[in-house]
>>> print(open('entry.txt').read())   # compact mmCIF, C-alpha atoms and all ligand atoms
# COMPACT_ATOMS: atom_id res chain seq x y z
CA MET I 1 -13.35 94.36 -86.67
CA GLU I 2 -15.81 91.58 -85.97
CA SER I 3 -17.76 90.60 -89.10
CA HIS I 4 -21.56 90.60 -89.14
CA ARG I 5 -22.85 87.16 -88.14
CA PRO I 6 -26.57 86.94 -88.77
CA LEU I 7 -27.17 83.86 -86.62
CA SER I 8 -30.59 82.84 -85.34
CA SER I 9 -31.44 83.84 -81.78
CA ARG I 10 -32.51 80.23 -81.28
CA LEU I 11 -28.85 79.48 -80.70
CA ASP I 12 -28.84 81.65 -77.57
CA SER I 13 -30.50 78.98 -75.48
CA ILE I 14 -28.42 76.11 -76.82
CA SER I 15 -25.51 75.54 -74.50
CA PRO I 16 -22.39 73.65 -75.49
CA PHE I 17 -21.70 70.16 -74.21
CA HIS I 18 -18.95 70.50 -71.59
CA VAL I 19 -18.10 66.84 -72.03
CA MET I 20 -16.97 67.66 -75.57
CA ASP I 21 -14.50 70.18 -74.13
CA ILE I 22 -13.33 67.53 -71.67
CA LEU I 23 -12.99 65.03 -74.53
CA ALA I 24 -11.11 67.54 -76.71
CA ARG I 25 -8.73 68.36 -73.86
CA ALA I 26 -8.25 64.64 -73.14
CA LYS I 27 -7.33 64.07 -76.80
CA THR I 28 -4.85 66.95 -76.69
CA LEU I 29 -3.23 65.51 -73.56
CA GLU I 30 -3.09 62.10 -75.25
CA SER I 31 -1.38 63.63 -78.30
CA GLU I 32 1.21 65.03 -75.88
CA GLY I 33 1.91 61.51 -74.62
CA ARG I 34 -0.31 61.43 -71.49
CA HIS I 35 -2.34 58.32 -70.74
CA ILE I 36 -6.02 59.11 -70.21
CA VAL I 37 -8.68 56.97 -68.56
CA HIS I 38 -11.86 57.70 -70.52
CA MET I 39 -15.01 57.60 -68.43
CA GLU I 40 -16.66 60.56 -70.12
CA VAL I 41 -17.92 59.07 -73.36
CA GLY I 42 -21.52 57.83 -73.52
CA GLU I 43 -21.03 55.09 -76.05
CA PRO I 44 -20.09 51.42 -75.81
CA ASP I 45 -16.37 50.84 -76.34
CA PHE I 46 -16.92 47.53 -78.17
CA PRO I 47 -16.70 47.23 -81.95
CA THR I 48 -19.89 46.70 -83.94
CA PRO I 49 -20.76 42.97 -83.66
CA GLU I 50 -19.19 40.90 -86.41
CA PRO I 51 -22.46 39.62 -87.99
CA VAL I 52 -23.63 43.22 -88.38
CA ARG I 53 -20.36 44.27 -90.00
CA LYS I 54 -20.52 41.25 -92.30
CA ALA I 55 -24.04 42.15 -93.43
CA ALA I 56 -22.85 45.68 -94.19
CA ALA I 57 -19.77 44.40 -96.06
CA ASP I 58 -21.94 42.09 -98.19
CA LYS I 59 -24.30 44.92 -99.06
CA LEU I 60 -21.39 47.23 -99.82
CA ALA I 61 -19.83 44.63 -102.13
CA GLU I 62 -23.12 44.26 -103.95
CA GLY I 63 -23.06 48.03 -104.40
CA HIS I 64 -26.71 49.06 -104.46
CA ILE I 65 -26.71 51.69 -101.73
CA HIS I 66 -29.66 53.80 -102.81
CA TYR I 67 -32.31 55.78 -100.96
CA THR I 68 -34.79 53.63 -99.10
CA PRO I 69 -38.34 54.75 -98.30
CA ALA I 70 -38.30 57.77 -95.96
CA LEU I 71 -39.25 55.69 -92.92
CA GLY I 72 -36.89 52.89 -93.82
CA LEU I 73 -36.85 49.41 -95.32
CA THR I 74 -40.09 47.49 -94.86
CA SER I 75 -38.06 44.40 -93.97
CA LEU I 76 -36.38 46.21 -91.09
CA ARG I 77 -39.62 47.77 -89.87
CA GLU I 78 -41.08 44.25 -89.88
CA ARG I 79 -38.08 42.96 -87.97
CA ILE I 80 -38.48 45.67 -85.34
CA SER I 81 -42.18 44.90 -85.07
CA ARG I 82 -41.26 41.23 -84.48
CA TYR I 83 -38.77 42.27 -81.78
CA TYR I 84 -41.64 43.85 -79.82
CA LYS I 85 -43.80 40.77 -80.37
CA ASP I 86 -41.07 38.37 -79.21
CA ARG I 87 -39.85 40.44 -76.32
CA PHE I 88 -42.94 42.17 -74.94
CA SER I 89 -45.84 40.29 -76.63
CA LEU I 90 -46.71 43.60 -78.24
CA GLU I 91 -48.44 43.87 -81.61
CA ILE I 92 -46.95 46.83 -83.46
CA SER I 93 -48.40 47.45 -86.91
CA LEU I 94 -46.02 48.53 -89.67
CA ASP I 95 -47.94 51.80 -89.86
CA CYS I 96 -46.72 52.59 -86.36
CA VAL I 97 -42.95 51.99 -86.71
CA GLY I 98 -40.48 54.19 -88.54
CA LEU I 99 -36.70 54.30 -88.85
CA SER I 100 -34.66 57.45 -88.40
CA THR I 101 -31.15 58.84 -88.25
CA GLY I 102 -30.52 57.72 -84.69
CA ALA I 103 -32.88 58.40 -81.81
CA SER I 104 -31.79 62.00 -82.37
CA GLY I 105 -33.36 61.95 -85.84
CA ALA I 106 -36.57 60.42 -84.46
CA LEU I 107 -36.84 63.21 -81.89
CA GLN I 108 -36.39 65.83 -84.56
CA LEU I 109 -39.11 64.31 -86.77
CA LEU I 110 -41.55 63.95 -83.89
CA LEU I 111 -40.99 67.36 -82.37
CA ALA I 112 -41.16 69.03 -85.79
CA ALA I 113 -44.48 67.26 -86.32
CA LEU I 114 -45.91 68.13 -82.91
CA LEU I 115 -44.76 71.56 -81.85
CA GLU I 116 -46.38 74.91 -82.52
CA PRO I 117 -44.25 77.97 -81.65
CA GLY I 118 -44.27 78.40 -77.88
CA ASP I 119 -45.61 74.93 -77.07
CA ARG I 120 -44.24 73.67 -73.81
CA VAL I 121 -42.45 70.37 -73.26
CA LEU I 122 -41.86 69.11 -69.71
CA MET I 123 -38.81 67.04 -68.87
CA SER I 124 -36.57 66.22 -65.95
CA ASP I 125 -33.49 68.04 -64.71
CA PRO I 126 -31.09 66.20 -64.78
CA GLY I 127 -31.69 64.72 -68.21
CA TYR I 128 -30.11 64.13 -71.60
CA PRO I 129 -29.37 67.68 -72.78
CA CYS I 130 -29.89 67.39 -76.54
CA ASN I 131 -33.62 66.78 -76.07
CA ARG I 132 -34.27 70.22 -74.70
CA HIS I 133 -32.18 71.81 -77.41
CA ILE I 134 -34.15 70.01 -80.12
CA VAL I 135 -37.38 71.34 -78.58
CA THR I 136 -35.92 74.86 -78.73
CA LEU I 137 -34.82 74.44 -82.34
CA PHE I 138 -38.39 73.62 -83.31
CA GLY I 139 -39.76 76.70 -81.58
CA GLY I 140 -41.00 74.98 -78.42
CA SER I 141 -40.10 75.94 -74.88
CA THR I 142 -38.97 73.54 -72.21
CA SER I 143 -39.84 73.37 -68.54
CA LEU I 144 -37.10 71.50 -66.76
CA ILE I 145 -38.42 69.98 -63.55
CA ALA I 146 -35.87 69.42 -60.81
CA VAL I 147 -35.72 65.85 -59.57
CA GLY I 148 -33.35 64.45 -56.97
CA ALA I 149 -32.39 61.22 -55.31
CA GLU I 150 -35.82 61.07 -53.54
CA SER I 151 -37.51 60.09 -56.82
CA ARG I 152 -34.40 58.42 -58.19
CA PHE I 153 -33.99 61.43 -60.50
CA GLN I 154 -37.16 60.54 -62.41
CA LEU I 155 -40.44 62.38 -62.81
CA THR I 156 -43.57 60.90 -61.24
CA ALA I 157 -47.24 61.72 -61.85
CA GLU I 158 -47.28 63.62 -58.57
CA ILE I 159 -44.26 65.75 -59.45
CA LEU I 160 -45.65 66.39 -62.94
CA ALA I 161 -49.06 67.38 -61.59
CA LYS I 162 -47.42 69.89 -59.23
CA ASN I 163 -45.37 71.38 -62.05
CA TRP I 164 -47.96 71.26 -64.84
CA ARG I 165 -48.02 74.47 -66.89
CA SER I 166 -50.59 75.74 -69.35
CA GLY I 167 -49.58 75.26 -72.97
CA THR I 168 -47.92 71.91 -72.25
CA LYS I 169 -47.93 69.89 -75.45
CA ALA I 170 -45.72 67.00 -74.47
CA VAL I 171 -43.84 65.32 -71.66
CA MET I 172 -40.53 63.68 -72.48
CA LEU I 173 -39.06 60.93 -70.32
CA ALA I 174 -36.16 58.55 -70.64
CA SER I 175 -36.19 55.09 -69.07
CA PRO I 176 -33.50 53.95 -68.34
CA ALA I 177 -32.27 57.51 -68.12
CA ASN I 178 -29.06 59.26 -68.98
CA PRO I 179 -27.21 60.24 -66.69
CA THR I 180 -28.66 58.08 -63.92
CA GLY I 181 -29.61 54.71 -65.45
CA ALA I 182 -32.86 54.83 -63.44
CA ILE I 183 -35.94 53.09 -64.84
CA ILE I 184 -39.42 54.49 -64.33
CA PRO I 185 -41.39 51.66 -62.68
CA TYR I 186 -44.26 50.33 -64.81
CA GLN I 187 -46.93 51.53 -62.40
CA SER I 188 -45.42 54.98 -62.22
CA MET I 189 -45.37 55.13 -66.04
CA GLN I 190 -49.07 54.17 -66.05
CA GLU I 191 -49.87 56.99 -63.63
CA ILE I 192 -47.85 59.44 -65.70
CA TYR I 193 -49.64 58.40 -68.89
CA GLN I 194 -52.99 58.79 -67.14
CA LEU I 195 -52.14 62.36 -66.16
CA VAL I 196 -50.59 63.35 -69.50
CA SER I 197 -53.45 61.94 -71.59
CA THR I 198 -56.09 63.52 -69.33
CA GLN I 199 -54.38 66.86 -69.95
CA GLY I 200 -54.50 66.25 -73.71
CA ALA I 201 -50.71 66.19 -74.05
CA VAL I 202 -48.42 63.64 -75.72
CA LEU I 203 -46.12 61.34 -73.75
CA ILE I 204 -42.78 60.62 -75.42
CA VAL I 205 -40.59 57.95 -73.84
CA ASP I 206 -36.97 57.55 -74.85
CA GLU I 207 -36.06 53.85 -74.45
CA ILE I 208 -32.63 54.05 -76.07
CA TYR I 209 -31.02 52.06 -73.22
CA GLN I 210 -33.59 49.27 -73.47
CA GLY I 211 -31.89 45.89 -73.23
CA LEU I 212 -29.17 47.25 -70.96
CA THR I 213 -30.89 46.58 -67.64
CA TYR I 214 -29.51 44.70 -64.68
CA GLY I 215 -31.57 42.46 -62.43
CA ILE I 216 -34.73 44.30 -63.33
CA GLU I 217 -37.17 43.46 -66.08
CA ASP I 218 -37.65 46.22 -68.59
CA TYR I 219 -40.84 46.92 -70.48
CA CYS I 220 -41.92 49.01 -73.42
CA ALA I 221 -44.10 52.02 -72.61
CA ALA I 222 -46.27 51.15 -75.64
CA GLU I 223 -47.53 48.21 -73.54
CA ILE I 224 -49.44 50.81 -71.53
CA SER I 225 -50.97 52.53 -74.55
CA PRO I 226 -50.31 52.66 -78.30
CA ASP I 227 -50.69 56.44 -77.93
CA ILE I 228 -47.39 56.65 -76.07
CA VAL I 229 -44.64 57.66 -78.47
CA VAL I 230 -41.54 55.50 -78.04
CA ILE I 231 -38.04 56.28 -79.25
CA ASN I 232 -35.29 53.69 -79.57
CA SER I 233 -32.00 53.21 -81.37
CA PHE I 234 -29.35 50.80 -82.54
CA SER I 235 -26.76 52.97 -80.78
CA LYS I 236 -26.53 51.60 -77.25
CA TYR I 237 -27.59 47.95 -76.66
CA PHE I 238 -26.73 47.07 -80.27
CA GLY I 239 -23.44 49.00 -80.07
CA MET I 240 -23.93 50.84 -83.37
CA THR I 241 -23.53 54.53 -82.42
CA GLY I 242 -21.71 55.58 -85.58
CA TRP I 243 -24.16 53.89 -87.93
CA ARG I 244 -26.72 56.57 -87.04
CA LEU I 245 -29.84 54.46 -87.01
CA GLY I 246 -32.78 54.66 -84.65
CA TRP I 247 -36.51 54.05 -84.71
CA PHE I 248 -39.76 55.20 -83.18
CA LEU I 249 -43.23 53.88 -82.47
CA ALA I 250 -46.08 56.32 -82.86
CA PRO I 251 -49.80 56.31 -83.58
CA GLU I 252 -50.54 56.29 -87.32
CA TRP I 253 -51.49 59.99 -87.53
CA LEU I 254 -48.15 61.00 -86.03
CA LEU I 255 -46.12 58.50 -88.03
CA ALA I 256 -47.67 59.82 -91.27
CA ALA I 257 -46.75 63.38 -90.27
CA ALA I 258 -43.21 62.31 -89.34
CA GLU I 259 -42.90 60.55 -92.69
CA LYS I 260 -43.73 63.75 -94.56
CA ILE I 261 -41.06 65.59 -92.59
CA ALA I 262 -38.54 62.75 -93.08
CA GLN I 263 -39.10 62.91 -96.84
CA ASN I 264 -38.07 66.55 -96.75
CA LEU I 265 -35.39 66.64 -94.07
CA PHE I 266 -33.48 63.38 -94.50
CA LEU I 267 -34.97 61.65 -97.57
CA ALA I 268 -34.14 58.33 -95.92
CA PRO I 269 -32.26 56.89 -92.94
CA PRO I 270 -28.72 55.63 -93.79
CA THR I 271 -29.15 52.72 -96.22
CA LEU I 272 -26.04 50.71 -95.40
CA ALA I 273 -26.85 50.93 -91.68
CA GLN I 274 -30.33 49.59 -92.33
CA TYR I 275 -29.04 46.53 -94.17
CA ALA I 276 -26.50 46.00 -91.40
CA ALA I 277 -29.18 46.35 -88.72
CA LEU I 278 -31.19 43.50 -90.25
CA SER I 279 -28.52 41.26 -88.69
CA ALA I 280 -28.66 42.98 -85.32
CA PHE I 281 -31.50 40.76 -84.14
CA HIS I 282 -29.89 37.46 -85.21
CA THR I 283 -29.25 34.95 -82.43
CA GLU I 284 -25.47 35.06 -82.95
CA THR I 285 -25.49 38.87 -82.61
CA ILE I 286 -27.71 38.79 -79.53
CA GLU I 287 -25.28 36.32 -77.89
CA ILE I 288 -22.44 38.80 -78.40
CA LEU I 289 -24.57 41.68 -77.10
CA GLU I 290 -25.68 39.76 -74.01
CA ALA I 291 -22.04 39.00 -73.15
CA ARG I 292 -21.33 42.72 -73.44
CA LYS I 293 -24.27 43.52 -71.23
CA ASN I 294 -22.80 41.21 -68.56
CA GLU I 295 -19.53 43.04 -68.86
CA PHE I 296 -21.33 46.39 -68.34
CA ALA I 297 -23.00 44.92 -65.25
CA GLN I 298 -19.60 43.92 -63.82
CA ARG I 299 -18.13 47.34 -64.55
CA LEU I 300 -21.06 49.07 -62.86
CA ASP I 301 -20.71 46.75 -59.86
CA LEU I 302 -17.03 47.53 -59.59
CA MET I 303 -17.57 51.29 -59.72
CA ALA I 304 -20.62 51.23 -57.44
CA THR I 305 -18.61 49.32 -54.85
CA GLU I 306 -15.50 51.50 -55.00
CA LEU I 307 -16.79 55.06 -55.51
CA PRO I 308 -18.46 55.43 -52.07
CA SER I 309 -15.18 54.61 -50.33
CA LEU I 310 -13.63 57.59 -52.14
CA GLY I 311 -16.35 59.94 -50.87
CA PHE I 312 -18.82 59.87 -53.79
CA GLU I 313 -22.43 59.20 -52.85
CA LEU I 314 -24.64 57.04 -55.04
CA ALA I 315 -28.42 56.75 -54.99
CA GLY I 316 -28.21 52.97 -55.24
CA LYS I 317 -27.07 50.94 -58.20
CA PRO I 318 -28.39 51.98 -61.61
CA ASP I 319 -31.19 49.85 -63.11
CA GLY I 320 -29.78 50.17 -66.58
CA ALA I 321 -27.54 51.95 -69.14
CA PHE I 322 -23.82 52.19 -68.27
CA TYR I 323 -23.59 55.32 -66.16
CA LEU I 324 -23.19 56.21 -62.52
CA TYR I 325 -24.40 59.64 -61.48
CA ALA I 326 -22.44 60.37 -58.35
CA ASP I 327 -22.91 63.06 -55.73
CA CYS I 328 -19.51 64.64 -55.12
CA HIS I 329 -20.57 67.54 -52.84
CA ARG I 330 -18.42 66.20 -50.01
CA LEU I 331 -15.39 66.36 -52.30
CA CYS I 332 -15.82 69.64 -54.13
CA GLY I 333 -17.99 72.74 -54.49
CA ASN I 334 -17.91 72.89 -58.28
CA SER I 335 -18.07 69.65 -60.22
CA LEU I 336 -17.04 71.24 -63.54
CA GLN I 337 -13.83 72.51 -61.99
CA PHE I 338 -13.37 69.15 -60.29
CA CYS I 339 -13.61 67.35 -63.67
CA GLN I 340 -11.20 69.79 -65.29
CA GLN I 341 -8.64 69.44 -62.49
CA LEU I 342 -8.98 65.67 -62.34
CA LEU I 343 -8.21 65.53 -66.06
CA GLU I 344 -5.23 67.88 -65.83
CA HIS I 345 -3.68 66.33 -62.70
CA GLU I 346 -4.44 62.65 -63.10
CA GLY I 347 -5.60 62.08 -66.69
CA VAL I 348 -9.06 60.86 -65.74
CA ALA I 349 -11.94 62.13 -67.88
CA ILE I 350 -15.47 62.24 -66.41
CA THR I 351 -18.52 64.41 -67.14
CA PRO I 352 -19.69 67.31 -64.95
CA GLY I 353 -23.32 67.48 -63.79
CA ILE I 354 -23.81 70.79 -65.59
CA ASP I 355 -24.12 68.90 -68.88
CA PHE I 356 -27.42 67.42 -67.71
CA GLY I 357 -29.16 70.50 -66.33
CA SER I 358 -28.77 73.00 -63.54
CA TYR I 359 -30.39 71.34 -60.52
CA GLN I 360 -27.62 70.32 -58.09
CA ALA I 361 -25.36 70.26 -61.13
CA ASP I 362 -22.34 71.52 -59.19
CA ALA I 363 -22.62 68.57 -56.84
CA PHE I 364 -22.73 65.74 -59.40
CA VAL I 365 -20.50 64.01 -61.92
CA ARG I 366 -21.26 61.18 -64.33
CA PHE I 367 -19.01 58.16 -64.73
CA ALA I 368 -19.52 56.25 -68.00
CA CYS I 369 -18.40 52.63 -67.63
CA THR I 370 -17.44 52.51 -71.27
CA THR I 371 -13.91 51.32 -70.84
CA GLU I 372 -12.51 48.01 -69.64
CA GLN I 373 -12.31 47.06 -65.98
CA SER I 374 -8.52 47.42 -65.80
CA GLN I 375 -8.92 51.04 -66.95
CA LEU I 376 -11.73 51.67 -64.47
CA ARG I 377 -9.48 50.34 -61.67
CA LEU I 378 -6.67 52.59 -62.84
CA GLY I 379 -9.12 55.52 -62.92
CA LEU I 380 -10.21 54.80 -59.34
CA LYS I 381 -6.58 54.63 -58.20
CA ARG I 382 -5.84 57.97 -59.83
CA ILE I 383 -8.93 59.61 -58.33
CA LYS I 384 -7.79 58.41 -54.90
CA GLN I 385 -4.37 59.98 -55.51
CA PHE I 386 -6.00 63.19 -56.71
CA LEU I 387 -8.16 63.45 -53.60
CA ALA I 388 -5.22 62.65 -51.33
CA SER I 389 -3.07 65.31 -53.02
CA GLY I 390 -5.52 68.05 -52.07
CA ALA I 391 -5.28 69.43 -55.62
CA HIS I 392 -9.06 69.56 -55.97
CA ALA I 393 -10.97 72.74 -55.16
CA VAL I 394 -13.23 72.18 -52.15
C1 LIG L 401 -31.16 59.40 -73.50
C2 LIG L 401 -30.59 59.51 -74.88
N1 LIG L 401 -31.42 59.73 -75.92
C3 LIG L 401 -30.95 59.85 -77.19
C4 LIG L 401 -29.61 59.76 -77.46
C5 LIG L 401 -29.15 59.90 -78.90
O1 LIG L 401 -28.87 58.65 -79.45
P1 LIG L 401 -28.65 58.31 -80.99
O2 LIG L 401 -27.21 57.88 -81.12
O3 LIG L 401 -29.57 57.15 -81.28
O4 LIG L 401 -29.00 59.49 -81.80
C6 LIG L 401 -28.70 59.53 -76.41
C7 LIG L 401 -27.25 59.46 -76.66
O5 LIG L 401 -26.43 59.39 -75.79
C8 LIG L 401 -29.21 59.40 -75.09
O6 LIG L 401 -28.40 59.19 -74.04
>>> encode(input="entry.txt", output="structure tokens")
Amino acid sequence: MESHRPLSSRLDSISPFHVMDILARAKTLESEGRHIVHMEVGEPDFPTPEPVRKAAADKLAEGHIHYTPALGLTSLRERISRYYKDRFSLEISLDCVGLSTGASGALQLLLAALLEPGDRVLMSDPGYPCNRHIVTLFGGSTSLIAVGAESRFQLTAEILAKNWRSGTKAVMLASPANPTGAIIPYQSMQEIYQLVSTQGAVLIVDEIYQGLTYGIEDYCAAEISPDIVVINSFSKYFGMTGWRLGWFLAPEWLLAAAEKIAQNLFLAPPTLAQYAALSAFHTETIEILEARKNEFAQRLDLMATELPSLGFELAGKPDGAFYLYADCHRLCGNSLQFCQQLLEHEGVAITPGIDFGSYQADAFVRFACTTEQSQLRLGLKRIKQFLASGAHAV
């Protein structure tokens, strides 16, 4: 007999990540001796840069790994503030920058601080799925607004105005976005901020892929207004996913509220990661990271050139990140099934559109260029074989 499981009903609207099932199946196949081309995982394949590891090793040897202040080491907050000054000529006061357990931790702190039960948060479909689940966990409700290739899968002020709902507390955007890599142009971001602030809502911009942009200058949304809440992380450009360290910029009133929540939820961001991250901005680290960025650009070029000849449609080259969100409707009617069959038949792991929302999800897949070019080429060859074999469901 099934035992009583008194779980919260909040879980009902939290869907699993299909890519985790794909990853788990890929690992099983690997353990059975199959070779898998991994294009499903959304994290850089490179090791943490050596200067960052060295800083961590030194701190570890010294042994004092204690709690830091709840919003992180002052020295690291200062270093982040200097990054904005150097890169975007932006003055960010220490009272407006806090560290967190990844961008994920920052989102939790901010949404816990902002949301009343039932408050609405608008975001795009497709979009990074965890964001909407975090909103739900904190009692908010999400309105996912369908966006397609016409707006490069990003929200605009016009689209937001058409879809505005009463009770909207916040709008969440990502630029560059996951799964598309599309950047919201500066002027469009200005128009969005104008609309959101006029409506008395908060604009939250996830800039976790900042630094990974190709042939296009990126900007920080806080250049438009210090009232825009910005989320960032050491995970992607800095290649430190497992260190679990992110940061956020917020007006003082919100930062103070987030600090109170951080003191209770996390006590402090990971200490060793913070000491390591102090070296993330050093010139020698940035040189390593820029070389990696060039490699990502080459991988994206390779995939963007080859995928259309296999029948995938792309809405241009991505501005940033390391993903390609490809329309596969000419190849299959159900992208989840397509991904599952591609993995089983050819050992190529990619992510189905359904992980990023429901709009046109059956017709899209995401390729993560997080493996070396020889592997990407092998993946393309296998996809060609798979399509030629007719094994895929049309
Ligand atoms: C758009 C976006 N935001 C946030 C995150 C979470 O990142 P972190 O590792 O900093 O928690 C991810 C991770 O893939 C992401 O793609």
>>> residues_near_ligand(input="entry.txt", ligand="ligand LIG 401 (chain L)", cutoff="7 Å", atoms="only C-alpha atoms and all ligand atoms", output="PDB file with C-alpha atoms, in the coordinates of the input")
ATOM      1  CA  GLY I  42     -21.520  57.830 -73.520  1.00  0.00           C
ATOM      2  CA  GLU I  43     -21.030  55.090 -76.050  1.00  0.00           C
ATOM      3  CA  THR I 101     -31.150  58.840 -88.250  1.00  0.00           C
ATOM      4  CA  GLY I 102     -30.520  57.720 -84.690  1.00  0.00           C
ATOM      5  CA  ALA I 103     -32.880  58.400 -81.810  1.00  0.00           C
ATOM      6  CA  SER I 104     -31.790  62.000 -82.370  1.00  0.00           C
ATOM      7  CA  GLY I 105     -33.360  61.950 -85.840  1.00  0.00           C
ATOM      8  CA  TYR I 128     -30.110  64.130 -71.600  1.00  0.00           C
ATOM      9  CA  ALA I 174     -36.160  58.550 -70.640  1.00  0.00           C
ATOM     10  CA  ALA I 177     -32.270  57.510 -68.120  1.00  0.00           C
ATOM     11  CA  ASN I 178     -29.060  59.260 -68.980  1.00  0.00           C
ATOM     12  CA  ASP I 206     -36.970  57.550 -74.850  1.00  0.00           C
ATOM     13  CA  ILE I 208     -32.630  54.050 -76.070  1.00  0.00           C
ATOM     14  CA  ASN I 232     -35.290  53.690 -79.570  1.00  0.00           C
ATOM     15  CA  SER I 233     -32.000  53.210 -81.370  1.00  0.00           C
ATOM     16  CA  PHE I 234     -29.350  50.800 -82.540  1.00  0.00           C
ATOM     17  CA  SER I 235     -26.760  52.970 -80.780  1.00  0.00           C
ATOM     18  CA  THR I 241     -23.530  54.530 -82.420  1.00  0.00           C
ATOM     19  CA  ARG I 244     -26.720  56.570 -87.040  1.00  0.00           C
ATOM     20  CA  LEU I 245     -29.840  54.460 -87.010  1.00  0.00           C
ATOM     21  CA  GLY I 246     -32.780  54.660 -84.650  1.00  0.00           C
TER      22      GLY I 246
END
>>> atom_distance(input="entry.txt", atom1="CA of Trp243 (chain I)", atom2="CA of Gln108 (chain I)")
17.4 Å
>>> closest_atom_pairs(input="entry.txt", of="region 283-367 of chain I", to="region 129-153 of chain I", cutoff="7 Å", atoms="all atoms listed in the file", output="tab-separated table")
residue	atom	partner	partner_atom	distance
I:Ala315	CA	I:Ala149	CA	6.0
I:Asp355	CA	I:Pro129	CA	6.7
I:Phe356	CA	I:Pro129	CA	5.4
I:Tyr359	CA	I:Ala146	CA	5.8
>>> atom_distance(input="entry.txt", atom1="CA of Ala326 (chain I)", atom2="CA of Gly181 (chain I)")
11.6 Å
>>> atom_distance(input="entry.txt", atom1="CA of Val196 (chain I)", atom2="CA of Gly167 (chain I)")
12.4 Å
>>> residues_around(input="entry.txt", residues="Ile80 (chain I)", least_positions_apart="4", cutoff="12 Å", atoms="only C-alpha atoms", output="ChimeraX atom specification")
/I:72-76,84-88,90-94,96-99,232-234,246-249,274,277-282
>>> closest_residue(input="entry.txt", among="I:Val37, I:Ala363, I:Leu300, I:Ala258", to="Tyr323 (chain I)", atoms="all atoms listed in the file")
I:Leu300
>>> residues_around(input="entry.txt", residues="Lys169 (chain I)", least_positions_apart="4", cutoff="10 Å", atoms="only C-alpha atoms", output="PyMOL selection string")
chain I and resi 114-116+118-122+140-141+165+196+199-203
>>> closest_residue(input="entry.txt", among="I:Ile231, I:Met189, I:Val171, I:Leu343", to="His35 (chain I)", atoms="all atoms listed in the file")
I:Leu343
>>> residues_around(input="entry.txt", residues="Thr370 (chain I)", least_positions_apart="3", cutoff="9 Å", atoms="all atoms listed in the file", output="count of residues only")
15
>>> closest_residue(input="entry.txt", among="I:Ala61, I:Ala368, I:Ala391, I:Cys339", to="Ala26 (chain I)", atoms="only C-alpha atoms")
I:Cys339
>>> decode(input="entry.txt", residues="region 176-185 of chain I", atoms="N, CA, C and O atoms", output="PDB file, in the first residue's frame")
ATOM      1  N   PRO I 176      22.184  37.736 -22.516  1.00  0.00           N
ATOM      2  CA  PRO I 176      21.714  36.770 -23.493  1.00  0.00           C
ATOM      3  C   PRO I 176      20.859  35.684 -22.810  1.00  0.00           C
ATOM      4  O   PRO I 176      21.063  35.392 -21.636  1.00  0.00           O
ATOM      5  N   ALA I 177      19.953  35.122 -23.610  1.00  0.00           N
ATOM      6  CA  ALA I 177      18.991  34.187 -23.031  1.00  0.00           C
ATOM      7  C   ALA I 177      19.413  32.731 -23.191  1.00  0.00           C
ATOM      8  O   ALA I 177      20.167  32.382 -24.088  1.00  0.00           O
ATOM      9  N   ASN I 178      18.906  31.925 -22.332  1.00  0.00           N
ATOM     10  CA  ASN I 178      18.942  30.480 -22.457  1.00  0.00           C
ATOM     11  C   ASN I 178      17.502  30.098 -22.787  1.00  0.00           C
ATOM     12  O   ASN I 178      16.610  30.479 -22.018  1.00  0.00           O
ATOM     13  N   PRO I 179      17.180  29.425 -23.881  1.00  0.00           N
ATOM     14  CA  PRO I 179      18.019  28.604 -24.751  1.00  0.00           C
ATOM     15  C   PRO I 179      18.483  29.264 -26.051  1.00  0.00           C
ATOM     16  O   PRO I 179      19.054  28.562 -26.886  1.00  0.00           O
ATOM     17  N   THR I 180      18.255  30.536 -26.262  1.00  0.00           N
ATOM     18  CA  THR I 180      18.457  31.066 -27.613  1.00  0.00           C
ATOM     19  C   THR I 180      19.751  31.848 -27.803  1.00  0.00           C
ATOM     20  O   THR I 180      20.183  32.071 -28.936  1.00  0.00           O
ATOM     21  N   GLY I 181      20.339  32.359 -26.732  1.00  0.00           N
ATOM     22  CA  GLY I 181      21.538  33.193 -26.854  1.00  0.00           C
ATOM     23  C   GLY I 181      21.222  34.605 -27.320  1.00  0.00           C
ATOM     24  O   GLY I 181      22.139  35.407 -27.543  1.00  0.00           O
ATOM     25  N   ALA I 182      19.942  34.939 -27.471  1.00  0.00           N
ATOM     26  CA  ALA I 182      19.578  36.263 -28.007  1.00  0.00           C
ATOM     27  C   ALA I 182      19.720  37.350 -26.934  1.00  0.00           C
ATOM     28  O   ALA I 182      19.322  37.161 -25.777  1.00  0.00           O
ATOM     29  N   ILE I 183      20.270  38.483 -27.363  1.00  0.00           N
ATOM     30  CA  ILE I 183      20.412  39.645 -26.482  1.00  0.00           C
ATOM     31  C   ILE I 183      19.223  40.580 -26.722  1.00  0.00           C
ATOM     32  O   ILE I 183      18.751  40.711 -27.857  1.00  0.00           O
ATOM     33  N   ILE I 184      18.759  41.216 -25.675  1.00  0.00           N
ATOM     34  CA  ILE I 184      17.739  42.256 -25.846  1.00  0.00           C
ATOM     35  C   ILE I 184      18.485  43.545 -26.195  1.00  0.00           C
ATOM     36  O   ILE I 184      19.331  43.991 -25.410  1.00  0.00           O
ATOM     37  N   PRO I 185      18.204  44.143 -27.355  1.00  0.00           N
ATOM     38  CA  PRO I 185      18.936  45.373 -27.718  1.00  0.00           C
ATOM     39  C   PRO I 185      18.720  46.455 -26.648  1.00  0.00           C
ATOM     40  O   PRO I 185      17.670  46.499 -25.997  1.00  0.00           O
TER      41      PRO I 185
END
